[in-house]
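Q: Sharing a structure here in structure tokens format.
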Amino acid sequence: MKQLRILAIALALIGTLAAQAQVKFGVKGGIEVLDFKSDFFNADNRMGWFIGPTVKIGLPLPGFAIDIAALYNQRESKIDLYETMNYASAECLQVKALKTRQIAVPLNIRYGISLGSAEVFAYAGPQVAFRLGDESERISRSEEGDLAWRVKNSNFSVNGGVGFTVGPIQLTANYNVALGRTGDVTQGDAVDAAKNGLHGKYNSWQIGATWYF
């Protein structure tokens, strides 16, 4: 709920600015390489992708603008499945791919330098993402109940990157850093955080392309 309040305030501010600024609409898509940080199971880095509408709002300050988007984001990583709780010493029985689907809303402030018909720019800002569907997977079994990896309903992160625009085409590259946990290990039907504080998070390198109408 805290993320929703922050997002609502940000959208209200953007609406006020948009009434007095130049606005461009577009479609953004791209790929990402996941950097999965975990202290409870092994996960291979995997590819993800994203696509959705985006808006660029020029600000009164020369060179400054705001980018906001609503992106369908799908990620996939491999996890090791075990038959006992003692996963540190147990033999891995199966490697399974876990898909994470979410709607990501990045809100970036950018500063650009004009190069004739082109522009180079740097940008940074927060991002909130909302999970779609039930994203969980069993890790191991025990008499007290199965241990499972469960993705949180929403996640907060920050972006930082650079970009290049020529005509209606824009290319960007950035690193997305998760603030806090992306998910937890739960036991049985537990929905609160992690068994013994075990958790993990997704960071990622992202390459995107935008076409403005």
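By convention in this document, the chains of the structure tokens carry letters A, B, ... by their order, each chain's residues are numbered from 1, and ligands are numbered from 1 in the order they are shown.
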Do a neighbour search on region 57-69 of chain A at 6 Å with only C-alpha atoms, toss out local chain neighbours closer than 3 positions, and write the hits as a list in words.
A: Ala21, Gln22, Val23, Pro53, Thr54, Val105, Pro106, Leu107, Asn108, Ile109, Arg110, Tyr111 and Gly112 of chain A
Q: If you keep N, CA and C atoms, can you produce a file of those selected residues as a PDB file, in the first residue's frame?
A:
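Printed below is again_19.pdb as written:
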ATOM      1  N   ALA A  21       3.551  21.278 -20.274  1.00  0.00           N
ATOM      2  CA  ALA A  21       4.793  20.845 -20.901  1.00  0.00           C
ATOM      3  C   ALA A  21       4.521  20.080 -22.195  1.00  0.00           C
ATOM      4  N   GLN A  22       5.602  19.858 -22.932  1.00  0.00           N
ATOM      5  CA  GLN A  22       5.533  19.062 -24.153  1.00  0.00           C
ATOM      6  C   GLN A  22       5.505  17.583 -23.784  1.00  0.00           C
ATOM      7  N   VAL A  23       4.544  16.855 -24.334  1.00  0.00           N
ATOM      8  CA  VAL A  23       4.371  15.446 -23.997  1.00  0.00           C
ATOM      9  C   VAL A  23       4.515  14.600 -25.255  1.00  0.00           C
ATOM     10  N   PRO A  53       3.506   0.821 -22.870  1.00  0.00           N
ATOM     11  CA  PRO A  53       3.457   2.241 -23.246  1.00  0.00           C
ATOM     12  C   PRO A  53       4.355   3.093 -22.350  1.00  0.00           C
ATOM     13  N   THR A  54       4.827   4.195 -22.905  1.00  0.00           N
ATOM     14  CA  THR A  54       5.672   5.118 -22.154  1.00  0.00           C
ATOM     15  C   THR A  54       5.336   6.554 -22.544  1.00  0.00           C
ATOM     16  N   VAL A 105       6.413  -0.074 -13.159  1.00  0.00           N
ATOM     17  CA  VAL A 105       6.145   1.346 -13.439  1.00  0.00           C
ATOM     18  C   VAL A 105       7.386   2.150 -13.067  1.00  0.00           C
ATOM     19  N   PRO A 106       8.305   2.383 -14.027  1.00  0.00           N
ATOM     20  CA  PRO A 106       9.469   3.225 -13.750  1.00  0.00           C
ATOM     21  C   PRO A 106       9.131   4.699 -13.917  1.00  0.00           C
ATOM     22  N   LEU A 107       9.705   5.523 -13.054  1.00  0.00           N
ATOM     23  CA  LEU A 107       9.541   6.978 -13.114  1.00  0.00           C
ATOM     24  C   LEU A 107      10.928   7.595 -13.045  1.00  0.00           C
ATOM     25  N   ASN A 108      11.464   8.001 -14.194  1.00  0.00           N
ATOM     26  CA  ASN A 108      12.841   8.472 -14.281  1.00  0.00           C
ATOM     27  C   ASN A 108      12.913   9.955 -14.639  1.00  0.00           C
ATOM     28  N   ILE A 109      13.834  10.657 -14.006  1.00  0.00           N
ATOM     29  CA  ILE A 109      14.175  12.024 -14.393  1.00  0.00           C
ATOM     30  C   ILE A 109      15.426  11.959 -15.268  1.00  0.00           C
ATOM     31  N   ARG A 110      15.402  12.669 -16.385  1.00  0.00           N
ATOM     32  CA  ARG A 110      16.506  12.609 -17.343  1.00  0.00           C
ATOM     33  C   ARG A 110      17.031  14.005 -17.659  1.00  0.00           C
ATOM     34  N   TYR A 111      18.309  14.030 -18.022  1.00  0.00           N
ATOM     35  CA  TYR A 111      18.919  15.272 -18.490  1.00  0.00           C
ATOM     36  C   TYR A 111      19.635  14.964 -19.796  1.00  0.00           C
ATOM     37  N   GLY A 112      19.281  15.708 -20.849  1.00  0.00           N
ATOM     38  CA  GLY A 112      19.828  15.444 -22.163  1.00  0.00           C
ATOM     39  C   GLY A 112      20.592  16.607 -22.746  1.00  0.00           C
TER      40      GLY A 112
END
Q: Of the residues A:Ile31, A:Leu171, A:Leu132, A:Ile103, which is the one nearest to Val151 (chain A), using only C-alpha atoms?
A: A:Leu132
Q: Contacts of Ala118 (chain A) at 9 Å or less, counting only C-alpha atoms, minus same-chain residues fewer than 5 places along, as a list in words?
A: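 Within the cut-off, the hits are Ile113, Phe164, Thr165, Val166 and Gly167 of chain A.
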Q: Any chance you can output those residues with C-alpha atoms as a compact mmCIF listing (two decimals), in the first residue's frame?
A:
# COMPACT_ATOMS: atom_id res chain seq x y z
CA ILE A 113 22.31 17.28 -24.38
CA PHE A 164 20.51 8.08 -27.16
CA THR A 165 17.67 9.49 -29.30
CA VAL A 166 17.55 9.97 -33.08
CA GLY A 167 14.22 11.12 -34.54
Q: Write out as a list in words the residues lying within 7 Å of Lys99 (chain A), counting only C-alpha atoms and excluding same-chain residues fewer than 6 positions away.
A: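 Contacts, in chain order: Gln74, Arg75, Glu76 and Ser77 of chain A.
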Q: Would you put the residues from that selection into a file with N, CA and C atoms, as a PDB file, in the first residue's frame?
A:
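Just written: again-v7.pdb:
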ATOM      1  N   GLN A  74       8.433  -9.914 -17.804  1.00  0.00           N
ATOM      2  CA  GLN A  74       8.495 -11.348 -17.495  1.00  0.00           C
ATOM      3  C   GLN A  74       9.944 -11.766 -17.311  1.00  0.00           C
ATOM      4  N   ARG A  75      10.225 -12.425 -16.170  1.00  0.00           N
ATOM      5  CA  ARG A  75      11.571 -12.874 -15.845  1.00  0.00           C
ATOM      6  C   ARG A  75      11.554 -14.371 -15.572  1.00  0.00           C
ATOM      7  N   GLU A  76      12.696 -15.008 -15.802  1.00  0.00           N
ATOM      8  CA  GLU A  76      12.779 -16.443 -15.551  1.00  0.00           C
ATOM      9  C   GLU A  76      14.162 -16.779 -15.013  1.00  0.00           C
ATOM     10  N   SER A  77      14.211 -17.551 -13.933  1.00  0.00           N
ATOM     11  CA  SER A  77      15.482 -17.984 -13.365  1.00  0.00           C
ATOM     12  C   SER A  77      15.381 -19.447 -12.957  1.00  0.00           C
TER      13      SER A  77
END
Q: Please provide as a ChimeraX atom specification all residues within 10 Å of Lys28 (chain A), with the sequence filter that same-chain residues fewer than 6 positions apart are discarded (counting only C-alpha atoms).
A: /A:50-55,69-71,169-171,208-212
Q: Any chance you could export the current selection's C-alpha atoms as a PDB file, in the first residue's frame?
A:
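New file out_16.pdb:
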ATOM      1  CA  PHE A  50       9.495  -6.133 -21.042  1.00  0.00           C
ATOM      2  CA  ILE A  51       7.101  -4.119 -23.228  1.00  0.00           C
ATOM      3  CA  GLY A  52       4.489  -1.402 -22.757  1.00  0.00           C
ATOM      4  CA  PRO A  53       3.457   2.241 -23.246  1.00  0.00           C
ATOM      5  CA  THR A  54       5.672   5.118 -22.154  1.00  0.00           C
ATOM      6  CA  VAL A  55       5.365   8.904 -21.865  1.00  0.00           C
ATOM      7  CA  ALA A  69       6.012   3.814 -18.360  1.00  0.00           C
ATOM      8  CA  ALA A  70       3.763   0.836 -17.573  1.00  0.00           C
ATOM      9  CA  LEU A  71       5.660  -2.273 -18.659  1.00  0.00           C
ATOM     10  CA  ILE A 169      13.781   6.155 -32.000  1.00  0.00           C
ATOM     11  CA  GLN A 170      15.359   5.994 -28.550  1.00  0.00           C
ATOM     12  CA  LEU A 171      17.843   3.437 -27.175  1.00  0.00           C
ATOM     13  CA  GLY A 208      15.494  -0.947 -24.185  1.00  0.00           C
ATOM     14  CA  ALA A 209      14.207   0.641 -27.383  1.00  0.00           C
ATOM     15  CA  THR A 210      11.385   3.186 -27.632  1.00  0.00           C
ATOM     16  CA  TRP A 211       9.449   4.423 -30.631  1.00  0.00           C
ATOM     17  CA  TYR A 212       7.668   7.752 -30.126  1.00  0.00           C
TER      18      TYR A 212
END
